[in-house]
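K.L.:
As input, take data_24.cif (mmCIF, C-alpha atoms):
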```
data_data
loop_
_atom_site.label_atom_id
_atom_site.label_comp_id
_atom_site.auth_asym_id
_atom_site.auth_seq_id
_atom_site.Cartn_x
_atom_site.Cartn_y
_atom_site.Cartn_z
CA MET A 1349 -113.72 -23.46 -111.18
CA THR A 1350 -112.23 -22.15 -114.41
CA ALA A 1351 -108.61 -22.53 -115.42
CA ASP A 1352 -108.25 -18.73 -115.23
CA HIS A 1353 -109.43 -18.75 -111.61
CA ARG A 1354 -106.93 -21.49 -110.78
CA ARG A 1355 -104.08 -19.44 -112.23
CA LYS A 1356 -105.03 -16.31 -110.33
CA GLY A 1357 -105.54 -18.10 -107.03
CA TRP A 1358 -108.90 -16.48 -106.33
CA LEU A 1359 -112.48 -17.68 -106.44
CA PRO A 1360 -115.75 -15.83 -105.92
CA PRO A 1361 -117.63 -17.09 -102.85
CA GLY A 1362 -119.81 -20.10 -103.39
CA ARG A 1363 -123.47 -19.93 -104.22
CA GLU A 1364 -124.37 -20.47 -100.56
CA ALA A 1365 -122.60 -17.25 -99.54
CA LEU A 1366 -124.41 -15.33 -102.27
CA ARG A 1367 -127.71 -16.84 -101.20
CA LEU A 1368 -127.06 -15.97 -97.56
CA ARG A 1369 -126.61 -12.31 -98.48
CA ALA A 1370 -129.74 -12.26 -100.65
CA GLU A 1371 -131.86 -13.94 -97.98
CA THR A 1372 -130.53 -11.67 -95.23
CA LEU A 1373 -131.30 -8.51 -97.20
CA GLY A 1374 -134.78 -9.85 -97.92
CA ARG A 1375 -135.40 -10.59 -94.23
CA ILE A 1376 -134.20 -7.12 -93.23
CA ARG A 1377 -136.65 -5.53 -95.65
CA ALA A 1378 -139.47 -7.77 -94.41
CA PHE A 1379 -138.65 -6.84 -90.80
CA PHE A 1380 -139.07 -3.13 -91.51
CA LEU A 1381 -142.09 -3.58 -93.77
CA GLU A 1382 -143.88 -5.38 -90.95
CA ARG A 1383 -143.00 -2.55 -88.54
CA GLY A 1384 -144.04 0.27 -90.85
CA VAL A 1385 -140.56 1.69 -91.46
CA MET A 1386 -140.23 3.08 -95.00
CA GLU A 1387 -137.26 2.29 -97.24
CA VAL A 1388 -135.69 5.32 -98.95
CA GLU A 1389 -132.70 6.04 -101.18
CA THR A 1390 -130.36 9.00 -100.77
CA PRO A 1391 -127.33 10.27 -102.76
CA MET A 1392 -124.00 8.46 -102.73
CA LEU A 1393 -122.22 11.65 -103.87
CA SER A 1394 -122.47 14.91 -101.95
CA ALA A 1395 -120.99 18.40 -101.96
CA ALA A 1396 -120.26 17.93 -98.24
CA GLY A 1397 -118.43 15.13 -96.46
CA ASN A 1398 -117.95 13.40 -93.13
CA THR A 1399 -115.72 15.53 -90.89
CA ASP A 1400 -114.92 12.68 -88.46
CA PRO A 1401 -111.09 12.75 -88.25
CA ASN A 1402 -110.96 8.96 -87.84
CA ILE A 1403 -112.82 8.28 -91.09
CA GLN A 1404 -111.33 9.02 -94.51
CA SER A 1405 -113.51 9.60 -97.56
CA PHE A 1406 -113.19 8.95 -101.27
CA THR A 1407 -113.86 11.87 -103.61
CA ALA A 1408 -115.00 12.04 -107.23
CA SER A 1409 -114.93 14.79 -109.85
CA PHE A 1410 -118.00 15.99 -111.75
CA THR A 1411 -117.25 17.21 -115.29
CA GLY A 1412 -120.69 18.48 -116.31
CA HIS A 1413 -122.17 21.97 -116.39
CA VAL A 1414 -121.00 24.23 -113.56
CA ASP A 1415 -124.61 25.19 -112.75
CA ALA A 1416 -125.12 21.65 -111.44
CA GLY A 1417 -123.08 22.47 -108.32
CA ALA A 1418 -119.73 21.66 -106.78
CA ARG A 1419 -117.38 19.75 -109.05
CA GLU A 1420 -115.76 17.83 -106.22
CA ARG A 1421 -118.11 15.30 -104.66
CA TRP A 1422 -117.64 13.25 -101.53
CA MET A 1423 -118.65 9.59 -101.59
CA ARG A 1424 -120.80 8.85 -98.58
CA THR A 1425 -119.34 7.07 -95.57
CA SER A 1426 -122.94 6.60 -94.39
CA PRO A 1427 -126.33 7.94 -95.51
CA GLU A 1428 -126.78 9.75 -92.18
CA PHE A 1429 -126.87 13.38 -93.30
CA PRO A 1430 -129.45 13.08 -96.12
CA LEU A 1431 -131.58 10.74 -94.01
CA LYS A 1432 -131.72 13.42 -91.32
CA ARG A 1433 -132.76 15.97 -93.92
CA LEU A 1434 -135.65 13.65 -94.85
CA LEU A 1435 -136.58 13.36 -91.17
CA ALA A 1436 -136.63 17.15 -90.90
CA ALA A 1437 -138.97 17.25 -93.90
CA GLY A 1438 -141.44 14.95 -92.14
CA ALA A 1439 -140.59 11.56 -93.68
CA GLY A 1440 -141.21 9.71 -90.40
CA ASP A 1441 -139.64 6.33 -89.60
CA ILE A 1442 -137.22 5.49 -92.43
CA TYR A 1443 -134.33 3.20 -93.34
CA GLU A 1444 -131.79 2.82 -96.11
CA LEU A 1445 -129.92 -0.30 -97.16
CA GLY A 1446 -127.05 0.37 -99.53
CA ARG A 1447 -123.35 0.72 -100.26
CA VAL A 1448 -121.06 3.14 -98.44
CA PHE A 1449 -117.36 3.91 -98.92
CA ARG A 1450 -114.44 4.46 -96.54
CA ASN A 1451 -110.95 5.11 -97.82
CA GLY A 1452 -108.02 3.19 -96.35
CA GLU A 1453 -110.14 0.56 -94.61
CA ALA A 1454 -109.01 -2.71 -96.20
CA GLY A 1455 -108.01 -5.96 -94.54
CA GLY A 1456 -109.28 -9.26 -93.24
CA ARG A 1457 -112.31 -7.66 -91.61
CA HIS A 1458 -112.65 -4.42 -93.60
CA ASN A 1459 -113.47 -3.55 -97.20
CA PRO A 1460 -113.40 0.00 -98.58
CA GLU A 1461 -116.94 -0.41 -99.91
CA PHE A 1462 -119.53 -2.28 -97.94
CA THR A 1463 -123.25 -2.48 -97.24
CA MET A 1464 -124.76 -0.40 -94.45
CA LEU A 1465 -128.24 -0.57 -92.96
CA GLU A 1466 -129.22 2.70 -91.29
CA TRP A 1467 -132.59 3.50 -89.76
CA TYR A 1468 -134.33 6.15 -87.66
CA ARG A 1469 -137.25 5.98 -85.25
CA VAL A 1470 -139.15 9.17 -84.46
CA GLY A 1471 -139.92 9.73 -80.77
CA TRP A 1472 -137.54 6.98 -79.62
CA ASP A 1473 -134.38 7.24 -77.53
CA ASP A 1474 -131.19 5.21 -77.86
CA VAL A 1475 -132.25 2.55 -75.36
CA LYS A 1476 -135.54 1.81 -77.12
CA LEU A 1477 -133.80 1.64 -80.48
CA ALA A 1478 -131.13 -0.70 -79.11
CA ARG A 1479 -133.89 -3.13 -78.16
CA GLU A 1480 -135.09 -3.09 -81.77
CA VAL A 1481 -131.54 -3.80 -82.92
CA ILE A 1482 -131.56 -6.83 -80.63
CA ASP A 1483 -134.90 -7.93 -82.13
CA LEU A 1484 -133.48 -7.76 -85.66
CA LEU A 1485 -130.25 -9.55 -84.74
CA GLU A 1486 -132.09 -12.32 -82.92
CA LEU A 1487 -134.43 -12.82 -85.88
CA LEU A 1488 -131.57 -13.12 -88.36
CA LEU A 1489 -129.52 -15.38 -86.10
CA VAL A 1490 -132.44 -17.73 -85.46
CA ARG A 1491 -133.15 -17.96 -89.19
CA ALA A 1492 -129.52 -19.03 -89.61
CA GLY A 1493 -129.96 -21.72 -86.95
CA LYS A 1494 -128.00 -19.88 -84.27
CA THR A 1495 -129.02 -19.12 -80.68
CA PHE A 1496 -127.35 -16.20 -78.91
CA GLY A 1497 -127.74 -14.79 -75.42
CA VAL A 1498 -128.08 -11.04 -74.79
CA TYR A 1499 -126.02 -8.95 -72.37
CA GLU A 1500 -126.57 -5.22 -71.82
CA THR A 1501 -124.23 -2.95 -69.87
CA THR A 1502 -122.88 0.58 -69.75
CA TYR A 1503 -119.49 1.63 -71.10
CA ARG A 1504 -118.44 2.36 -67.53
CA GLY A 1505 -119.67 -0.99 -66.28
CA LEU A 1506 -117.97 -2.85 -69.13
CA PHE A 1507 -114.52 -1.44 -68.33
CA HIS A 1508 -114.99 -1.86 -64.60
CA ASP A 1509 -116.07 -5.51 -64.83
CA ALA A 1510 -113.38 -6.47 -67.34
CA LEU A 1511 -110.35 -4.56 -66.05
CA GLY A 1512 -111.26 -2.65 -62.90
CA ILE A 1513 -110.94 0.64 -64.82
CA ASP A 1514 -113.29 3.61 -64.59
CA PRO A 1515 -113.10 4.91 -68.17
CA LEU A 1516 -114.86 8.16 -67.32
CA VAL A 1517 -112.54 9.41 -64.57
CA ASP A 1518 -109.38 7.29 -64.23
CA PRO A 1519 -106.14 8.95 -65.40
CA VAL A 1520 -104.81 8.12 -68.84
CA GLU A 1521 -101.83 6.39 -67.22
CA LYS A 1522 -104.15 3.64 -66.01
CA LEU A 1523 -105.38 3.12 -69.56
CA GLN A 1524 -101.82 2.98 -70.82
CA ALA A 1525 -100.92 0.42 -68.15
CA ALA A 1526 -103.72 -1.82 -69.42
CA MET A 1527 -101.96 -1.92 -72.79
CA THR A 1528 -98.62 -3.05 -71.38
CA GLY A 1529 -97.19 -5.87 -73.47
CA THR A 1530 -98.77 -4.77 -76.74
CA GLU A 1531 -96.86 -3.28 -79.64
CA ILE A 1532 -98.58 0.10 -79.52
CA ASP A 1533 -96.79 3.31 -80.43
CA GLY A 1534 -98.42 5.73 -78.00
CA GLU A 1535 -96.86 8.90 -79.36
CA GLY A 1536 -99.50 11.55 -80.00
CA LEU A 1537 -102.38 9.42 -78.69
CA GLU A 1538 -105.08 11.18 -76.69
CA ARG A 1539 -107.32 9.84 -73.93
CA ASP A 1540 -110.06 8.69 -76.32
CA ASP A 1541 -107.47 6.91 -78.44
CA TRP A 1542 -106.33 4.94 -75.39
CA LEU A 1543 -109.94 4.13 -74.46
CA ASP A 1544 -110.50 2.77 -77.97
CA LEU A 1545 -107.35 0.68 -77.80
CA VAL A 1546 -108.25 -0.82 -74.43
CA LEU A 1547 -111.74 -1.65 -75.70
CA THR A 1548 -110.64 -3.18 -79.01
CA HIS A 1549 -107.57 -5.03 -77.67
CA ARG A 1550 -108.35 -5.92 -74.06
CA ILE A 1551 -112.13 -6.25 -73.85
CA GLN A 1552 -113.93 -6.76 -77.16
CA PRO A 1553 -111.92 -9.82 -78.35
CA PHE A 1554 -113.10 -11.72 -75.29
CA PHE A 1555 -116.82 -11.24 -75.81
CA PRO A 1556 -118.44 -14.70 -75.99
CA ARG A 1557 -119.03 -15.73 -79.60
CA ASP A 1558 -122.58 -16.82 -78.81
CA ARG A 1559 -123.66 -13.52 -77.24
CA ILE A 1560 -125.14 -10.20 -78.38
CA THR A 1561 -123.53 -7.46 -76.28
CA VAL A 1562 -125.01 -3.95 -76.12
CA VAL A 1563 -123.02 -1.14 -74.50
CA TYR A 1564 -124.71 2.16 -73.54
CA ASP A 1565 -123.65 5.60 -72.29
CA PHE A 1566 -120.31 6.30 -73.96
CA PRO A 1567 -117.99 9.06 -72.71
CA ALA A 1568 -119.25 12.53 -73.62
CA SER A 1569 -116.01 13.09 -75.54
CA GLN A 1570 -117.14 10.31 -77.92
CA CYS A 1571 -120.58 11.79 -78.55
CA ALA A 1572 -120.22 12.07 -82.37
CA LEU A 1573 -123.76 13.10 -83.38
CA ALA A 1574 -125.46 11.94 -80.17
CA ARG A 1575 -127.04 13.99 -77.40
CA ILE A 1576 -125.13 14.42 -74.15
CA ARG A 1577 -126.89 13.55 -70.90
CA HIS A 1578 -125.58 15.67 -68.06
CA ASP A 1579 -124.95 12.99 -65.47
CA ASP A 1580 -121.92 13.25 -63.19
CA PRO A 1581 -119.80 12.85 -65.23
CA PRO A 1582 -121.78 13.53 -68.45
CA VAL A 1583 -122.26 10.69 -70.96
CA ALA A 1584 -123.27 10.46 -74.60
CA GLU A 1585 -126.65 8.84 -75.30
CA ARG A 1586 -124.99 6.40 -77.65
CA PHE A 1587 -124.83 2.61 -77.87
CA GLU A 1588 -122.88 -0.02 -79.73
CA ALA A 1589 -124.04 -3.57 -80.42
CA TYR A 1590 -121.72 -6.54 -80.87
CA VAL A 1591 -122.38 -10.05 -82.11
CA GLY A 1592 -119.67 -12.17 -80.61
CA PRO A 1593 -116.46 -10.09 -80.81
CA TYR A 1594 -117.66 -8.05 -83.81
CA GLU A 1595 -119.05 -4.54 -83.50
CA VAL A 1596 -122.03 -4.51 -85.85
CA ALA A 1597 -124.06 -1.40 -84.94
CA ASN A 1598 -123.58 2.12 -83.59
CA GLY A 1599 -126.60 4.18 -82.54
CA TYR A 1600 -127.50 7.54 -81.01
CA HIS A 1601 -130.26 9.51 -79.41
CA GLU A 1602 -129.81 12.08 -82.15
CA LEU A 1603 -128.66 15.63 -81.58
CA ASN A 1604 -130.91 18.21 -83.26
CA ASP A 1605 -129.20 21.40 -82.07
CA PRO A 1606 -127.59 23.02 -85.15
CA ALA A 1607 -125.28 25.31 -83.15
CA GLU A 1608 -123.88 22.41 -81.13
CA GLN A 1609 -123.59 20.25 -84.23
CA ARG A 1610 -121.70 22.98 -86.09
CA ALA A 1611 -119.29 23.29 -83.16
CA ARG A 1612 -118.65 19.54 -83.29
CA PHE A 1613 -118.01 19.64 -87.05
CA GLU A 1614 -115.59 22.51 -86.54
CA ARG A 1615 -113.78 20.63 -83.76
CA ASP A 1616 -113.42 17.69 -86.13
CA ASN A 1617 -111.84 19.89 -88.77
CA ALA A 1618 -109.55 21.49 -86.19
CA LYS A 1619 -108.28 18.03 -85.28
CA ARG A 1620 -107.77 17.29 -88.96
CA ARG A 1621 -105.64 20.42 -89.26
CA GLU A 1622 -103.59 19.39 -86.23
CA ARG A 1623 -102.90 16.02 -87.86
CA GLY A 1624 -102.00 17.59 -91.18
CA ASP A 1625 -105.08 16.09 -92.84
CA ARG A 1626 -107.36 17.87 -95.26
CA GLU A 1627 -110.45 19.59 -93.87
CA VAL A 1628 -113.82 18.36 -95.10
CA PRO A 1629 -116.65 20.67 -96.23
CA ILE A 1630 -119.35 20.94 -93.54
CA ASP A 1631 -122.86 19.93 -94.58
CA GLU A 1632 -124.59 23.31 -94.44
CA ARG A 1633 -127.80 21.86 -95.87
CA LEU A 1634 -128.06 19.53 -92.91
CA LEU A 1635 -127.36 22.29 -90.40
CA SER A 1636 -129.98 24.54 -91.99
CA VAL A 1637 -132.78 22.05 -91.21
CA LEU A 1638 -131.44 20.22 -88.16
CA ALA A 1639 -133.63 22.20 -85.74
CA ASP A 1640 -136.68 20.87 -87.63
CA MET A 1641 -135.62 17.25 -87.17
CA PRO A 1642 -137.94 15.59 -84.64
CA ASP A 1643 -136.72 13.91 -81.47
CA CYS A 1644 -135.47 10.55 -82.73
CA ALA A 1645 -132.91 7.80 -82.46
CA GLY A 1646 -130.85 6.35 -85.30
CA VAL A 1647 -128.47 3.47 -85.83
CA ALA A 1648 -126.09 2.20 -88.52
CA LEU A 1649 -125.43 -1.52 -88.90
CA GLY A 1650 -122.63 -3.08 -90.95
CA VAL A 1651 -124.19 -5.86 -93.00
CA GLU A 1652 -120.93 -7.65 -93.86
CA ARG A 1653 -120.00 -7.95 -90.17
CA LEU A 1654 -123.35 -9.59 -89.54
CA LEU A 1655 -122.96 -11.87 -92.55
CA MET A 1656 -119.58 -12.99 -91.23
CA VAL A 1657 -121.27 -14.16 -88.02
CA LEU A 1658 -124.09 -15.86 -89.92
CA ALA A 1659 -121.59 -17.61 -92.21
CA GLY A 1660 -119.23 -18.56 -89.37
CA THR A 1661 -116.18 -16.86 -90.86
CA ASP A 1662 -113.62 -14.30 -89.68
CA ALA A 1663 -112.79 -13.16 -93.23
CA ILE A 1664 -114.89 -10.46 -94.85
CA ALA A 1665 -113.86 -11.71 -98.31
CA ASP A 1666 -115.94 -14.83 -97.66
CA VAL A 1667 -119.16 -12.79 -97.71
CA LEU A 1668 -118.33 -10.47 -100.62
CA ALA A 1669 -118.90 -11.36 -104.26
CA PHE A 1670 -115.76 -9.36 -105.09
CA PRO A 1671 -113.42 -8.06 -102.36
CA PHE A 1672 -111.55 -4.81 -103.03
CA SER A 1673 -108.45 -6.60 -104.29
CA GLU A 1674 -110.52 -8.35 -106.99
CA ALA A 1675 -112.96 -5.58 -107.87
#
```
Let me see the structure of the file written as structure tokens.
P.N.:
Amino acid sequence: MTADHRRKGWLPPGREALRLRAETLGRIRAFFLERGVMEVETPMLSAAGNTDPNIQSFTASFTGHVDAGARERWMRTSPEFPLKRLLAAGAGDIYELGRVFRNGEAGGRHNPEFTMLEWYRVGWDDVKLAREVIDLLELLLVRAGKTFGVYETTYRGLFHDALGIDPLVDPVEKLQAAMTGTEIDGEGLERDDWLDLVLTHRIQPFFPRDRITVVYDFPASQCALARIRHDDPPVAERFEAYVGPYEVANGYHELNDPAEQRARFERDNAKRRERGDREVPIDERLLSVLADMPDCAGVALGVERLLMVLAGTDAIADVLAFPFSEA
């Protein structure tokens, strides 16, 4: 430790934390190499952005020749859109492992730039892909000397078993009652906001720390870029995977209907307008080829969240060489 580090009260993580990251990235790449999934790289800057009203993007300005394209560029919040364009072009099973950026997300468990693993399997649905997520998580946990059980359930079953709530049909007042005693300002919150609060405050924190939990069949209103299965009531073919209390992965049976996807992007921007937020340019290049994208499933996994579990820490700074405050 240098004298300068002592004065500033901050130290980079020890060599073991750096080694853990390096070994984990190497094992991820070996996992996909063995399974025939090709690593690719896609742009970090794009003329279009992520319309999701709950995710805020960084932007950058290009000062070169105007013929090069739009001067304002959006820093990717995930590599999803260009990866889907590669799928539409016939790339087959692919993955990307790299940095992504989300504005405003800083704290004990969040960093505005972080490492995301995203991969796609052609001809698979969300359930089959979730099983591969479990395979990868179990491999990495075992290599770190940890043994975890696996529990799979539906979103509906999760809420019912934990709180006796049917999240698909119960009135919003029942969701609000589940949050009694918390310091939540409910003004302007919609049904999906209350569902998220109940999940993150009343259910997720109590997941056993030695368990992988996979939740399937989210409400259709939370479909994002997933297909909707017309059950009664309809559900999104989407899953989330948790290691202990941490959400680490979010996957879909991917929508490849450009008209429906455009409508969802436009609904996102309408919500942004309602909130007084800036609209985000829709990715027209993605929409122009989405119908050519094969039936597939895709998932994004937050590497730092996984590293936190492997390192046995609740602080994301412990697994970063330089957290945002020290970058």
K.L.:
Apply the PyMOL selection byres ((chain A and resi 1577) around 12) to the file shown and report the selected residues as a compact mmCIF listing (two decimals) with C-alpha atoms, in the frame of the given file.
P.N.:
```txt
# COMPACT_ATOMS: atom_id res chain seq x y z
CA ASP A 1473 -134.38 7.24 -77.53
CA ASP A 1474 -131.19 5.21 -77.86
CA TYR A 1564 -124.71 2.16 -73.54
CA ASP A 1565 -123.65 5.60 -72.29
CA PHE A 1566 -120.31 6.30 -73.96
CA PRO A 1567 -117.99 9.06 -72.71
CA ALA A 1568 -119.25 12.53 -73.62
CA SER A 1569 -116.01 13.09 -75.54
CA CYS A 1571 -120.58 11.79 -78.55
CA ALA A 1574 -125.46 11.94 -80.17
CA ARG A 1575 -127.04 13.99 -77.40
CA ILE A 1576 -125.13 14.42 -74.15
CA HIS A 1578 -125.58 15.67 -68.06
CA ASP A 1579 -124.95 12.99 -65.47
CA ASP A 1580 -121.92 13.25 -63.19
CA PRO A 1581 -119.80 12.85 -65.23
CA PRO A 1582 -121.78 13.53 -68.45
CA VAL A 1583 -122.26 10.69 -70.96
CA ALA A 1584 -123.27 10.46 -74.60
CA GLU A 1585 -126.65 8.84 -75.30
CA ARG A 1586 -124.99 6.40 -77.65
CA TYR A 1600 -127.50 7.54 -81.01
CA HIS A 1601 -130.26 9.51 -79.41
CA GLU A 1602 -129.81 12.08 -82.15
CA LEU A 1603 -128.66 15.63 -81.58
```
K.L.:
Find the residues near Val1596 (chain A): any atom within 12 Å, counting all atoms listed in the file, skip ones fewer than 5 places away on the same chain, and give them as an NGL selection string.
P.N.:
:A and (1457 or 1463-1466 or 1478 or 1481-1482 or 1484-1485 or 1560-1563 or 1587-1591 or 1647-1657)
K.L.:
Could you check which of A:Thr1501, A:Gln1404, A:Asn1604, A:Gln1570 is closest to Glu1627 (chain A), using all atoms listed in the file?
P.N.:
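Of A:Thr1501, A:Gln1404, A:Asn1604, A:Gln1570, the one nearest Glu1627 (chain A), counting all atoms listed in the file, is A:Gln1404.
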K.L.:
For CA of Pro1556 (chain A) and CA of Tyr1594 (chain A), determine how far apart the two atoms are, in Å to one decimal place.
P.N.:
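CA of Tyr1594 (chain A) lies 10.3 Å from CA of Pro1556 (chain A).
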K.L.:
Hey, what comes out of the PyMOL selection byres ((chain A and resi 1634-1639) around 10) on this file? Could you write it as a ChimeraX atom specification?
P.N.:
/A:1396,1428-1437,1603-1610,1630-1633,1640-1643
K.L.:
Any idea what the distance is between CA of Thr1407 (chain A) and CA of Glu1420 (chain A)?
P.N.:
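Going from CA of Thr1407 (chain A) over to CA of Glu1420 (chain A), I get 6.8 Å.
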K.L.:
Around (-132.3, -12.6, -86.2) in the file's frame, which residues reach within 12 Å when counting only C-alpha atoms? Return as number ranges by chain?
P.N.:
A: 1371-1373, 1375-1376, 1378-1379, 1480-1497, 1560, 1591, 1654-1655, 1657-1658
K.L.:
Could you save those same residues with C-alpha atoms as a PDB file, keeping the file's coordinate frame?
P.N.:
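Output below, filename part_21.pdb:
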```pdb
ATOM      1  CA  GLU A1371    -131.860 -13.940 -97.980  1.00  0.00           C
ATOM      2  CA  THR A1372    -130.530 -11.670 -95.230  1.00  0.00           C
ATOM      3  CA  LEU A1373    -131.300  -8.510 -97.200  1.00  0.00           C
ATOM      4  CA  ARG A1375    -135.400 -10.590 -94.230  1.00  0.00           C
ATOM      5  CA  ILE A1376    -134.200  -7.120 -93.230  1.00  0.00           C
ATOM      6  CA  ALA A1378    -139.470  -7.770 -94.410  1.00  0.00           C
ATOM      7  CA  PHE A1379    -138.650  -6.840 -90.800  1.00  0.00           C
ATOM      8  CA  GLU A1480    -135.090  -3.090 -81.770  1.00  0.00           C
ATOM      9  CA  VAL A1481    -131.540  -3.800 -82.920  1.00  0.00           C
ATOM     10  CA  ILE A1482    -131.560  -6.830 -80.630  1.00  0.00           C
ATOM     11  CA  ASP A1483    -134.900  -7.930 -82.130  1.00  0.00           C
ATOM     12  CA  LEU A1484    -133.480  -7.760 -85.660  1.00  0.00           C
ATOM     13  CA  LEU A1485    -130.250  -9.550 -84.740  1.00  0.00           C
ATOM     14  CA  GLU A1486    -132.090 -12.320 -82.920  1.00  0.00           C
ATOM     15  CA  LEU A1487    -134.430 -12.820 -85.880  1.00  0.00           C
ATOM     16  CA  LEU A1488    -131.570 -13.120 -88.360  1.00  0.00           C
ATOM     17  CA  LEU A1489    -129.520 -15.380 -86.100  1.00  0.00           C
ATOM     18  CA  VAL A1490    -132.440 -17.730 -85.460  1.00  0.00           C
ATOM     19  CA  ARG A1491    -133.150 -17.960 -89.190  1.00  0.00           C
ATOM     20  CA  ALA A1492    -129.520 -19.030 -89.610  1.00  0.00           C
ATOM     21  CA  GLY A1493    -129.960 -21.720 -86.950  1.00  0.00           C
ATOM     22  CA  LYS A1494    -128.000 -19.880 -84.270  1.00  0.00           C
ATOM     23  CA  THR A1495    -129.020 -19.120 -80.680  1.00  0.00           C
ATOM     24  CA  PHE A1496    -127.350 -16.200 -78.910  1.00  0.00           C
ATOM     25  CA  GLY A1497    -127.740 -14.790 -75.420  1.00  0.00           C
ATOM     26  CA  ILE A1560    -125.140 -10.200 -78.380  1.00  0.00           C
ATOM     27  CA  VAL A1591    -122.380 -10.050 -82.110  1.00  0.00           C
ATOM     28  CA  LEU A1654    -123.350  -9.590 -89.540  1.00  0.00           C
ATOM     29  CA  LEU A1655    -122.960 -11.870 -92.550  1.00  0.00           C
ATOM     30  CA  VAL A1657    -121.270 -14.160 -88.020  1.00  0.00           C
ATOM     31  CA  LEU A1658    -124.090 -15.860 -89.920  1.00  0.00           C
TER      32      LEU A1658
END
```
K.L.:
Using only C-alpha atoms, pick whichever of A:Ala1572, A:Ala1663, A:Val1520, A:Ala1510 has the shortest atom-to-atom distance to Asn1398 (chain A).
P.N.:
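Residue with the minimum atom-to-atom distance to Asn1398 (chain A): A:Ala1572.
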K.L.:
What lies within 10 Å of Phe1554 (chain A) using only C-alpha atoms, ignoring chain neighbours under 4 positions off, as a count of residues only?
P.N.:
6
K.L.:
What is the distance between CA of Leu1547 (chain A) and CA of His1458 (chain A), in Å to one decimal?
P.N.:
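Going from CA of Leu1547 (chain A) over to CA of His1458 (chain A) covers 18.1 Å.
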K.L.:
Looking at A:Pro1460, A:Gly1384, A:Gly1446, A:Pro1427, which one is nearest to Phe1406 (chain A), with distances taken over only C-alpha atoms?
P.N.:
A:Pro1460
K.L.:
Any idea what's packed within 12 Å of Thr1411 (chain A), counting only C-alpha atoms, ignoring anything in its chain fewer than 6 positions away? Could you give it as a ChimeraX atom specification?
P.N.:
/A:1417-1421
K.L.:
Show me, as a ChimeraX atom specification, the residues that have an atom within 8 Å of region 1449-1456 of chain A when counting all atoms listed in the file, minus same-chain residues fewer than 3 positions from it.
P.N.:
/A:1403-1406,1423-1426,1459-1462,1662-1665,1672
K.L.:
Applying 8 Å and only C-alpha atoms, which residues near Ala1365 (chain A) remain after dropping the ones on its own chain fewer than 2 positions away? List them as a VMD selection string.
P.N.:
chain A and resid 1361 to 1363 1367 to 1369 1659 1666 to 1667
K.L.:
So which one's closest to Glu1538 (chain A), A:Tyr1499, A:Ile1551, A:Lys1619, A:Ser1409? Using all atoms listed in the file, please.
P.N.:
A:Lys1619
K.L.:
Tell me which of A:Glu1382, A:Glu1614, A:Glu1521, A:Asp1441 sits closest to Trp1542 (chain A), counting only C-alpha atoms.
P.N.:
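Checking each candidate against Trp1542 (chain A), we get A:Glu1521 as the closest.
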K.L.:
With 5 Å on each side, where is the centre of the axis-aligned box around all listed atoms of region 1381-1390 of chain A, and how long are its edges in Å to one decimal, as AutoDock Vina command-line options?
P.N.:
```
--center_x -137.2 --center_y 1.8 --center_z -94.9 --size_x 23.7 --size_y 24.4 --size_z 22.6
```
K.L.:
Looking at all atoms listed in the file, which of A:Gly1529, A:Pro1671, A:Gly1440, A:Pro1401 is the one that sits closest to Asn1617 (chain A)?
P.N.:
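Between A:Gly1529, A:Pro1671, A:Gly1440, A:Pro1401, the residue approaching Asn1617 (chain A) most closely is A:Pro1401.
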K.L.:
How would region 1468-1477 of chain A look with N, CA and C atoms restored, written as an mmCIF file, in the coordinates of the input?
P.N.:
```
data_model
loop_
_atom_site.group_PDB
_atom_site.id
_atom_site.type_symbol
_atom_site.label_atom_id
_atom_site.label_comp_id
_atom_site.auth_asym_id
_atom_site.auth_seq_id
_atom_site.Cartn_x
_atom_site.Cartn_y
_atom_site.Cartn_z
ATOM 1 N N TYR A 1468 -133.973 5.126 -88.631
ATOM 2 C CA TYR A 1468 -134.330 6.150 -87.660
ATOM 3 C C TYR A 1468 -135.762 5.934 -87.186
ATOM 4 N N ARG A 1469 -135.943 6.118 -85.876
ATOM 5 C CA ARG A 1469 -137.250 5.980 -85.250
ATOM 6 C C ARG A 1469 -137.623 7.277 -84.554
ATOM 7 N N VAL A 1470 -138.709 7.890 -84.998
ATOM 8 C CA VAL A 1470 -139.150 9.170 -84.460
ATOM 9 C C VAL A 1470 -139.782 8.956 -83.079
ATOM 10 N N GLY A 1471 -139.379 9.810 -82.114
ATOM 11 C CA GLY A 1471 -139.920 9.730 -80.770
ATOM 12 C C GLY A 1471 -139.258 8.693 -79.883
ATOM 13 N N TRP A 1472 -138.246 8.008 -80.397
ATOM 14 C CA TRP A 1472 -137.540 6.980 -79.620
ATOM 15 C C TRP A 1472 -136.232 7.559 -79.083
ATOM 16 N N ASP A 1473 -135.725 6.932 -77.998
ATOM 17 C CA ASP A 1473 -134.380 7.240 -77.530
ATOM 18 C C ASP A 1473 -133.445 6.088 -77.880
ATOM 19 N N ASP A 1474 -132.187 6.214 -77.488
ATOM 20 C CA ASP A 1474 -131.190 5.210 -77.860
ATOM 21 C C ASP A 1474 -131.472 3.844 -77.240
ATOM 22 N N VAL A 1475 -132.000 3.823 -76.018
ATOM 23 C CA VAL A 1475 -132.250 2.550 -75.360
ATOM 24 C C VAL A 1475 -133.366 1.776 -76.072
ATOM 25 N N LYS A 1476 -134.445 2.477 -76.418
ATOM 26 C CA LYS A 1476 -135.540 1.810 -77.120
ATOM 27 C C LYS A 1476 -135.086 1.299 -78.477
ATOM 28 N N LEU A 1477 -134.275 2.078 -79.173
ATOM 29 C CA LEU A 1477 -133.800 1.640 -80.480
ATOM 30 C C LEU A 1477 -132.853 0.448 -80.352
#
```
